[in-house]
Amino acid sequence: MSGDSLVGPVVGVDVGGTFTDLFLFDPTLGTFRVAKVPSNRGDEAVGFMAGLHSLGGPAGFEAIVHGTTVGTNALLERKGAKLGVITTAGFRDVLEMRRRDRRHTWGLWGEFLPVTDRDMRIEVPERVLADGTIHTQVQAADVQRAARELLARGAEACAIVFINAYANPRNESAAAMTVRAMWPNPHVSVSSEILPEIREFERASTTALNAYLQPVVANYLGKLERALGEDGFAGRFHIVQSNGGIMSTATARGVPVRTALSGPAAGVIAAAAIAKAAGFENAITCDLGGTSFDVSLVSRGRMELAAQATIDFGLVIRSPMIEITTIGAGGGSIAHVDRGGLLQVGPESAGSRPGPVCYGQGNTRPTLTDANVVLGRINAERPIGGALARLDVEGAKAAIAEHIGQPLGLGAMEAAEAIVRVANAKMAGAIRLVSIERGHDPQKFVALPFGGGGALHVGALIKEVGLRAALVPRFPGVTSALGCVIADVRHDQVRTLNLSLDGIDAAALDARMVAEAASAQAVVDQAGLPVSQTLIRFELDMHYAGQTHTVAVPVPVHVRDGTTGVSEAIIRTAFEAAYRTAFSRLLPGLPIRIVSLRTAAIGVRPDFDLRALAPPADATVEGAARGARQVWFDGGWHAANVWSRLDLPVGARVHGPAILEQPDATVVVDPDLVARVDEFGNLIIERE
């Protein structure tokens, strides 16, 4: 990051379920600092501010960029606002009907409860046809009556979703004006503003979830901004989006649904940058935190973006997001024997309070972290995060023996290893899901583990999945916080067009694209962060007439002198290339349709030179040696050399079994593997 872009320190803050991680970079001095403090579940602002104070306090910071899981947790735990919905007569059950999918694919039962009850979804007479014609004009009196009824029933937020509002928003806009005039807070979400795109369920779900999150996210951000102001912070405060970009807090308040995967997205951003700098264009990111294991794929140097995501069963958000697969297998995941006598790890987590048994804070059920402590892989005398003086190994061992060993007829050590093996199998399954099941060969990919626990398991994952190698970042425990620092400013928007490609009015489409580009760029400009340039990318959702699903078609045009120069020929060529890539063949003779236009404005932040993280020039192998200890691998004890990871010089080679310790994480090099330090301070772990 160049010194003339930011003159003061910028801090990335990632609040996870167990720890809050921070990365501070001072562009003037070219220096950095990292910190890790316990999170405070239920009041994440406490850990946020504690972390900033561990770096000296926010008064001297120029910018803070925050990756948050507040929105995600509110959705998963159903702790959003009491929501009211105003919708077209006959459509109030869209949220409940969904796509008629089932929670259990092969099950005969299951239930889904939408985020708002049926009596909180009120219909009003109005109708817009699919071609945009207003068939029935909405009446202000009907909307007022619906809003008053919702308020009387305790609604804290309101979503307005009219059928076909994407084609003509006039009725919906009129209703929104009426509701906002009488609603006691700004928490009113309108589908034509949130997602002006065809498909009523996805639009209804995204708009409803946005309103559901507005009070939660607004209250959280307000609390942070007040605390920062009281501590003298006068800089810029931004939030990481699920699409890998950052946005202003004002934008986050308006569209909090875009923060649904904020924290995990920041880690993928950093991981992609680290892999690219180290010379690996294909990587599988593996974020193992306290509560979950998040996996994403970086192919040919690019992160995979999805048009929509399902946060939990039936909770669909249609907004560009980095594709992340999440399973409940974090360090705090609780191990148990189910009714069928099978060992399970997760999805229930002990979190940071009370945390694993070894924390000594009242939990009696063993976790994955307890297993790693008992096996000697985590140093009980120097736990990461600095909040505890030592870990209770005997307590963890007793819990594993009681809850796992006795039911399965195993000794404590064998039971601890079984917990790790089951967790590794779940993680390997997630990696196969994003690689093999999507046509990617794992042998062409490196695993990039981060989070507090990722590097504990990566050696086993190399062997189990057949990955090429592992690339462990210099500071794996704060990688997501680093991602906050280096993320670009980004804004995505979509507009349904519903046009036939044959004989398309290219001039009209060009005008629409130029207008969308200007609108998206304005949002980036309002963020107030220095960028080296703003890139505009266009993508069309297209298909052959009669098909239901679309393919994403990148359009290779740019806005210059008020025009994109788009043409029917350019679009046809791009569509055929994208369709052939997706399906290996074309369907000649069938008409082609353009469904939606997607526009992304990307404000490119100045480069961060990752060589700043490299080991000091005077580092030596001898200075990094910390003796040896007994560590359990493959059914028995092995003498493993212990190293201070951050003191190893560039070029150093460490043969397994070995343990590399640092304040924010522990790296395990399994037997038959070897690790070497590259020029950026990363560890590359490969087979001997």
# chains A, B, ... in the order shown; residues from 1 in each chain; ligands from 1
>>> residues_around(residues="Pro615 (chain A)", least_positions_apart="5", cutoff="9 Å", atoms="only C-alpha atoms", output="VMD selection string")
chain A and resid 474 646 to 650 679 to 681
>>> write_last_selection(atoms="N, CA and C atoms", output="short mmCIF file (atom, residue, chain, number, x, y, z; two decimals), in the first residue's frame")
data_model
loop_
_atom_site.label_atom_id
_atom_site.label_comp_id
_atom_site.auth_asym_id
_atom_site.auth_seq_id
_atom_site.Cartn_x
_atom_site.Cartn_y
_atom_site.Cartn_z
N ARG A 474 1.78 -16.16 6.89
CA ARG A 474 2.67 -15.74 7.96
C ARG A 474 1.92 -15.61 9.29
N LEU A 646 7.79 -17.65 13.83
CA LEU A 646 8.10 -16.31 13.32
C LEU A 646 9.59 -16.01 13.33
N ASP A 647 10.39 -16.85 14.00
CA ASP A 647 11.84 -16.64 14.04
C ASP A 647 12.59 -17.46 13.00
N LEU A 648 11.88 -18.27 12.21
CA LEU A 648 12.54 -19.05 11.16
C LEU A 648 12.90 -18.16 9.98
N PRO A 649 14.09 -18.30 9.43
CA PRO A 649 14.50 -17.44 8.30
C PRO A 649 13.93 -17.94 6.98
N VAL A 650 13.97 -17.08 5.97
CA VAL A 650 13.60 -17.47 4.61
C VAL A 650 14.50 -18.63 4.17
N GLU A 679 9.81 -16.43 0.57
CA GLU A 679 10.29 -15.06 0.72
C GLU A 679 9.29 -14.14 1.41
N PHE A 680 8.01 -14.56 1.49
CA PHE A 680 6.99 -13.76 2.16
C PHE A 680 6.78 -14.19 3.61
N GLY A 681 7.53 -15.21 4.04
CA GLY A 681 7.34 -15.74 5.38
C GLY A 681 6.28 -16.81 5.46
#
>>> select_by_dssp(residues="region 247-492 of chain A", states="strand (DSSP E)", output="MDAnalysis selection string")
chainID A and resid 247:248 283:288 293:299 302:303 305:306 309:312 315:317 321:322 325:327 333:337 343:349 446:450 469:472 489:492
>>> closest_residue(among="A:Gly376, A:Pro473, A:Gly429, A:Gly340", to="Ala640 (chain A)", atoms="only C-alpha atoms")
A:Gly376
>>> atom_distance(atom1="CA of Pro215 (chain A)", atom2="CA of Pro186 (chain A)")
8.9 Å
>>> select_by_dssp(residues="region 23-205 of chain A", states="alpha helix (DSSP H)", output="MDAnalysis selection string")
chainID A and resid 44:54 70:76 94:97 140:152 170:182 191:194 200:205
>>> residues_around(residues="region 95-109 of chain A", least_positions_apart="4", cutoff="12 Å", atoms="only C-alpha atoms", output="PyMOL selection string")
chain A and resi 85+87+91+113-118+120-121+159+161+199-209+310+312-316
